[in-house]
Amino acid sequence: MKIALIIGGSRGIGRAIALRLAKSGFDIWLTCNRNLEAAQTVQSEIKALGRACEVLSFDVADYEAVRAALETRCDKQVPDVLIYNAGIARDNLMVWMTKPEWDAVLRTNLDGFYNVTKMVLFPMMREKRGKIIAISSTSGEIGQAGQVNYSASKAGLIGAVKALAREVGRKNIFVNAVSPGIIETGMTTEIPKDKVLPLIPLNRFGSVDDVAATVNFLCSDEQSYIHGQVISVNGGLAI
Ligand SMILES: NC(=O)c1ccc[n+]([C@@H]2O[C@H](COP(=O)([O-])OP(=O)(O)OC[C@H]3O[C@@H](n4cnc5c(N)ncnc54)[C@H](OP(=O)(O)O)[C@@H]3O)[C@@H](O)[C@H]2O)c1
């Protein structure tokens, strides 16, 4: 049975990816930080689809916590797929941005990728199989005012994905980034639609299912030659 490890699967895009991959036949290891109850609800939804789902909770920024949750588990049973989806925003203009705002975003969005990927990488290399997908953002591709911390973290993920793809392609490990534009989730409720929609050629915000479908394709056996790429799902926000 194939296993997908979804980091940050309790809500929003991560939840949609978990459900989509479960529908495709993956068993799911679903992680969250504090919203254990929400993660358990997703777990029930996945079980209702006839797939197994285990829930783990830890802060991705805490290397020792990640290690305690994942090191032995991933060594014993290597996940086929890792989706690094955990992410936060703490928006502010750089001139006002506090050190805690900078640190929280970089530690969660970028350090977390290191912490989690370290736990799966050697086991995947040993087995000569695996797919790693990091959820980046249009903000990391083109920069967004008010998000210097977030743009830096998401651009950092793109650099990490490209470099890692060069390191492990020969081991049959695929590494890619999916880069959503503005997707309707808890993270984007404050965005003024009237001001932003004119910037999006498709004239709508994306849905979590738009992102999940792309991730699902990258995880499928149909795709075996996309590697080291950034797949944008943004309605044309950045062309
Ligand atoms: N929504 C958008 O428009 C958009 C656009 C581009 C990129 N993205 C990226 O897509 C990803 C998902 O976004 P979303 O809108 O679905 O976000 P969301 O609804 O806020 O969900 C974030 C997920 O990440 C987990 N998480 C956050 N901090 C964590 C930490 N320190 N340790 C472990 N898990 C943590 C959360 O767990 P808890 O529930 O336990 O907190 C939750 O499962 C993020 O990386 C985001 O940057 C989103």
# chains A, B, ... in the order shown; residues from 1 in each chain; ligands from 1
$ select_by_dssp --residues "segment 27-231 of chain A" --states "alpha helix (DSSP H)" --output "ChimeraX atom specification"
/A:36-48,63-76,99-106,112-127,138-142,148-168,193-196,208-219
$ closest_atom_pairs --of "chain A" --to "ligand 1" --cutoff "6 Å" --atoms "only C-alpha atoms and all ligand atoms" --output "JSON lines"
{"residue": "A:Gly8", "atom": "CA", "partner": "ligand 1", "partner_atom_place_in_ligand_line": "43 (O)", "distance": 3.3}
{"residue": "A:Gly9", "atom": "CA", "partner": "ligand 1", "partner_atom_place_in_ligand_line": "43 (O)", "distance": 4.4}
{"residue": "A:Ser10", "atom": "CA", "partner": "ligand 1", "partner_atom_place_in_ligand_line": "43 (O)", "distance": 4.0}
{"residue": "A:Arg11", "atom": "CA", "partner": "ligand 1", "partner_atom_place_in_ligand_line": "19 (O)", "distance": 5.0}
{"residue": "A:Gly12", "atom": "CA", "partner": "ligand 1", "partner_atom_place_in_ligand_line": "16 (O)", "distance": 3.4}
{"residue": "A:Ile13", "atom": "CA", "partner": "ligand 1", "partner_atom_place_in_ligand_line": "16 (O)", "distance": 3.7}
{"residue": "A:Gly14", "atom": "CA", "partner": "ligand 1", "partner_atom_place_in_ligand_line": "16 (O)", "distance": 5.6}
{"residue": "A:Cys32", "atom": "CA", "partner": "ligand 1", "partner_atom_place_in_ligand_line": "40 (O)", "distance": 3.9}
{"residue": "A:Asn33", "atom": "CA", "partner": "ligand 1", "partner_atom_place_in_ligand_line": "40 (O)", "distance": 3.4}
{"residue": "A:Arg34", "atom": "CA", "partner": "ligand 1", "partner_atom_place_in_ligand_line": "40 (O)", "distance": 3.8}
{"residue": "A:Asn35", "atom": "CA", "partner": "ligand 1", "partner_atom_place_in_ligand_line": "40 (O)", "distance": 3.7}
{"residue": "A:Phe58", "atom": "CA", "partner": "ligand 1", "partner_atom_place_in_ligand_line": "33 (C)", "distance": 5.6}
{"residue": "A:Asp59", "atom": "CA", "partner": "ligand 1", "partner_atom_place_in_ligand_line": "32 (N)", "distance": 3.5}
{"residue": "A:Val60", "atom": "CA", "partner": "ligand 1", "partner_atom_place_in_ligand_line": "32 (N)", "distance": 4.0}
{"residue": "A:Ala61", "atom": "CA", "partner": "ligand 1", "partner_atom_place_in_ligand_line": "31 (N)", "distance": 5.6}
{"residue": "A:Asn85", "atom": "CA", "partner": "ligand 1", "partner_atom_place_in_ligand_line": "45 (O)", "distance": 4.6}
{"residue": "A:Ala86", "atom": "CA", "partner": "ligand 1", "partner_atom_place_in_ligand_line": "24 (O)", "distance": 3.5}
{"residue": "A:Gly87", "atom": "CA", "partner": "ligand 1", "partner_atom_place_in_ligand_line": "45 (O)", "distance": 3.4}
{"residue": "A:Ile88", "atom": "CA", "partner": "ligand 1", "partner_atom_place_in_ligand_line": "47 (O)", "distance": 5.5}
{"residue": "A:Thr108", "atom": "CA", "partner": "ligand 1", "partner_atom_place_in_ligand_line": "31 (N)", "distance": 5.0}
{"residue": "A:Ile135", "atom": "CA", "partner": "ligand 1", "partner_atom_place_in_ligand_line": "45 (O)", "distance": 5.5}
{"residue": "A:Ser136", "atom": "CA", "partner": "ligand 1", "partner_atom_place_in_ligand_line": "7 (C)", "distance": 5.5}
{"residue": "A:Ser137", "atom": "CA", "partner": "ligand 1", "partner_atom_place_in_ligand_line": "6 (C)", "distance": 4.0}
{"residue": "A:Pro180", "atom": "CA", "partner": "ligand 1", "partner_atom_place_in_ligand_line": "6 (C)", "distance": 4.2}
{"residue": "A:Gly181", "atom": "CA", "partner": "ligand 1", "partner_atom_place_in_ligand_line": "5 (C)", "distance": 5.0}
{"residue": "A:Ile182", "atom": "CA", "partner": "ligand 1", "partner_atom_place_in_ligand_line": "3 (O)", "distance": 3.7}
{"residue": "A:Ile183", "atom": "CA", "partner": "ligand 1", "partner_atom_place_in_ligand_line": "3 (O)", "distance": 3.6}
{"residue": "A:Glu184", "atom": "CA", "partner": "ligand 1", "partner_atom_place_in_ligand_line": "1 (N)", "distance": 5.9}
{"residue": "A:Thr185", "atom": "CA", "partner": "ligand 1", "partner_atom_place_in_ligand_line": "15 (O)", "distance": 4.8}
{"residue": "A:Gly186", "atom": "CA", "partner": "ligand 1", "partner_atom_place_in_ligand_line": "19 (O)", "distance": 5.0}
{"residue": "A:Met187", "atom": "CA", "partner": "ligand 1", "partner_atom_place_in_ligand_line": "15 (O)", "distance": 4.5}
{"residue": "A:Thr188", "atom": "CA", "partner": "ligand 1", "partner_atom_place_in_ligand_line": "3 (O)", "distance": 5.5}
$ atom_distance --atom1 "atom CA of Thr31 of chain A" --atom2 "atom CA of Ile83 of chain A"
10.5 Å
$ closest_atom_pairs --of "segment 44-101 of chain A" --to "segment 120-128 of chain A" --cutoff "9 Å" --atoms "only C-alpha atoms" --output "Markdown table"
| residue | atom | partner | partner_atom | distance |
| --- | --- | --- | --- | --- |
| A:Leu70 | CA | A:Val120 | CA | 8.1 |
| A:Glu71 | CA | A:Val120 | CA | 7.6 |
| A:Cys74 | CA | A:Val120 | CA | 5.9 |
| A:Asp75 | CA | A:Pro123 | CA | 5.6 |
| A:Lys76 | CA | A:Pro123 | CA | 8.5 |
| A:Gln77 | CA | A:Pro123 | CA | 8.6 |
| A:Val78 | CA | A:Pro123 | CA | 6.1 |
| A:Pro79 | CA | A:Val120 | CA | 7.4 |
| A:Asp80 | CA | A:Met124 | CA | 7.8 |
| A:Leu82 | CA | A:Val120 | CA | 7.9 |
$ residues_around --residues "Ile3 of chain A" --least-positions-apart "4" --cutoff "12 Å" --atoms "only C-alpha atoms" --output "mmCIF file with N, CA and C atoms, in the first residue's frame"
data_model
loop_
_atom_site.group_PDB
_atom_site.id
_atom_site.type_symbol
_atom_site.label_atom_id
_atom_site.label_comp_id
_atom_site.auth_asym_id
_atom_site.auth_seq_id
_atom_site.Cartn_x
_atom_site.Cartn_y
_atom_site.Cartn_z
ATOM 1 N N ALA A 18 -4.915 15.736 1.115
ATOM 2 C CA ALA A 18 -5.048 14.441 1.808
ATOM 3 C C ALA A 18 -6.246 13.661 1.257
ATOM 4 N N LEU A 21 -5.563 12.495 -2.416
ATOM 5 C CA LEU A 21 -4.631 11.358 -2.510
ATOM 6 C C LEU A 21 -5.270 10.087 -1.941
ATOM 7 N N ALA A 22 -6.104 10.245 -0.920
ATOM 8 C CA ALA A 22 -6.815 9.069 -0.387
ATOM 9 C C ALA A 22 -7.729 8.498 -1.472
ATOM 10 N N SER A 24 -7.207 8.557 -4.509
ATOM 11 C CA SER A 24 -6.346 7.892 -5.496
ATOM 12 C C SER A 24 -5.730 6.603 -4.958
ATOM 13 N N GLY A 25 -6.039 6.262 -3.706
ATOM 14 C CA GLY A 25 -5.593 4.972 -3.186
ATOM 15 C C GLY A 25 -4.449 5.027 -2.196
ATOM 16 N N PHE A 26 -4.005 6.235 -1.823
ATOM 17 C CA PHE A 26 -2.931 6.327 -0.823
ATOM 18 C C PHE A 26 -3.509 6.173 0.584
ATOM 19 N N ASP A 27 -2.789 5.482 1.447
ATOM 20 C CA ASP A 27 -3.012 5.630 2.879
ATOM 21 C C ASP A 27 -2.309 6.914 3.301
ATOM 22 N N ILE A 28 -2.816 7.529 4.356
ATOM 23 C CA ILE A 28 -2.354 8.884 4.686
ATOM 24 C C ILE A 28 -1.782 8.945 6.099
ATOM 25 N N TRP A 29 -0.609 9.565 6.206
ATOM 26 C CA TRP A 29 -0.120 10.022 7.503
ATOM 27 C C TRP A 29 -0.315 11.525 7.488
ATOM 28 N N LEU A 30 -1.163 11.993 8.378
ATOM 29 C CA LEU A 30 -1.601 13.391 8.350
ATOM 30 C C LEU A 30 -1.039 14.118 9.559
ATOM 31 N N ARG A 51 -9.699 4.275 3.272
ATOM 32 C CA ARG A 51 -8.241 4.287 3.381
ATOM 33 C C ARG A 51 -7.828 4.443 4.840
ATOM 34 N N ALA A 52 -6.641 3.987 5.157
ATOM 35 C CA ALA A 52 -6.122 4.156 6.517
ATOM 36 C C ALA A 52 -5.568 5.570 6.681
ATOM 37 N N CYS A 53 -5.675 6.094 7.899
ATOM 38 C CA CYS A 53 -5.108 7.432 8.151
ATOM 39 C C CYS A 53 -4.625 7.505 9.587
ATOM 40 N N GLU A 54 -3.374 7.913 9.756
ATOM 41 C CA GLU A 54 -2.836 8.147 11.092
ATOM 42 C C GLU A 54 -2.568 9.624 11.260
ATOM 43 N N ARG A 73 9.654 6.035 12.528
ATOM 44 C CA ARG A 73 8.492 5.677 11.697
ATOM 45 C C ARG A 73 8.875 5.599 10.224
ATOM 46 N N CYS A 74 9.594 6.623 9.724
ATOM 47 C CA CYS A 74 9.919 6.679 8.287
ATOM 48 C C CYS A 74 11.021 5.689 7.926
ATOM 49 N N GLN A 77 8.934 2.262 7.774
ATOM 50 C CA GLN A 77 7.976 2.191 6.675
ATOM 51 C C GLN A 77 8.124 3.503 5.897
ATOM 52 N N VAL A 78 8.738 3.417 4.746
ATOM 53 C CA VAL A 78 9.115 4.644 4.031
ATOM 54 C C VAL A 78 7.907 5.193 3.269
ATOM 55 N N PRO A 79 7.526 6.452 3.524
ATOM 56 C CA PRO A 79 6.418 7.005 2.750
ATOM 57 C C PRO A 79 6.791 7.117 1.272
ATOM 58 N N ASP A 80 5.823 6.886 0.408
ATOM 59 C CA ASP A 80 6.065 7.018 -1.037
ATOM 60 C C ASP A 80 6.101 8.478 -1.443
ATOM 61 N N VAL A 81 5.346 9.286 -0.689
ATOM 62 C CA VAL A 81 5.180 10.685 -1.049
ATOM 63 C C VAL A 81 5.281 11.545 0.202
ATOM 64 N N LEU A 82 6.008 12.648 0.110
ATOM 65 C CA LEU A 82 6.000 13.673 1.165
ATOM 66 C C LEU A 82 5.458 14.969 0.564
ATOM 67 N N ILE A 83 4.408 15.498 1.176
ATOM 68 C CA ILE A 83 3.902 16.811 0.776
ATOM 69 C C ILE A 83 4.232 17.784 1.897
ATOM 70 N N GLY A 130 10.554 7.671 -4.392
ATOM 71 C CA GLY A 130 9.929 8.702 -3.562
ATOM 72 C C GLY A 130 9.558 9.930 -4.369
ATOM 73 N N LYS A 131 8.576 10.643 -3.856
ATOM 74 C CA LYS A 131 8.188 11.909 -4.463
ATOM 75 C C LYS A 131 8.059 12.940 -3.354
ATOM 76 N N CYS A 219 1.838 13.147 -8.087
ATOM 77 C CA CYS A 219 2.051 11.927 -7.285
ATOM 78 C C CYS A 219 1.642 10.664 -8.028
#
$ atom_distance --atom1 "atom CA of Glu222 of chain A" --atom2 "atom CA of Phe174 of chain A"
13.2 Å
$ closest_residue --among "A:Asp194, A:Leu199, A:His227, A:Leu218" --to "Arg166 of chain A" --atoms "only C-alpha atoms"
A:His227
$ residues_around --residues "Glu101 of chain A" --least-positions-apart "4" --cutoff "10 Å" --atoms "only C-alpha atoms" --output "list in words"
Ala89, Arg90, Asp91, Asn92, Trp96, Met97, Val105, Leu106, Asn149 and Tyr150 of chain A
$ residues_around --residues "Val196 of chain A" --least-positions-apart "4" --cutoff "10 Å" --atoms "only C-alpha atoms" --output "list of chain:residue names"
A:Ile182, A:Ile191, A:Pro192, A:Ile200, A:Asn203, A:Arg204, A:Phe205, A:Leu237
$ atom_distance --atom1 "atom CA of Ile133 of chain A" --atom2 "atom CA of Asn176 of chain A"
5.0 Å
$ select_by_dssp --residues "segment 114-231 of chain A" --states "strand (DSSP E)" --output "list in words"
Gly130, Lys131, Ile132, Ile133, Ala134, Ile135, Ile173, Phe174, Val175, Asn176, Ala177, Val178, Ser179, Pro180, Val230 and Ile231 of chain A
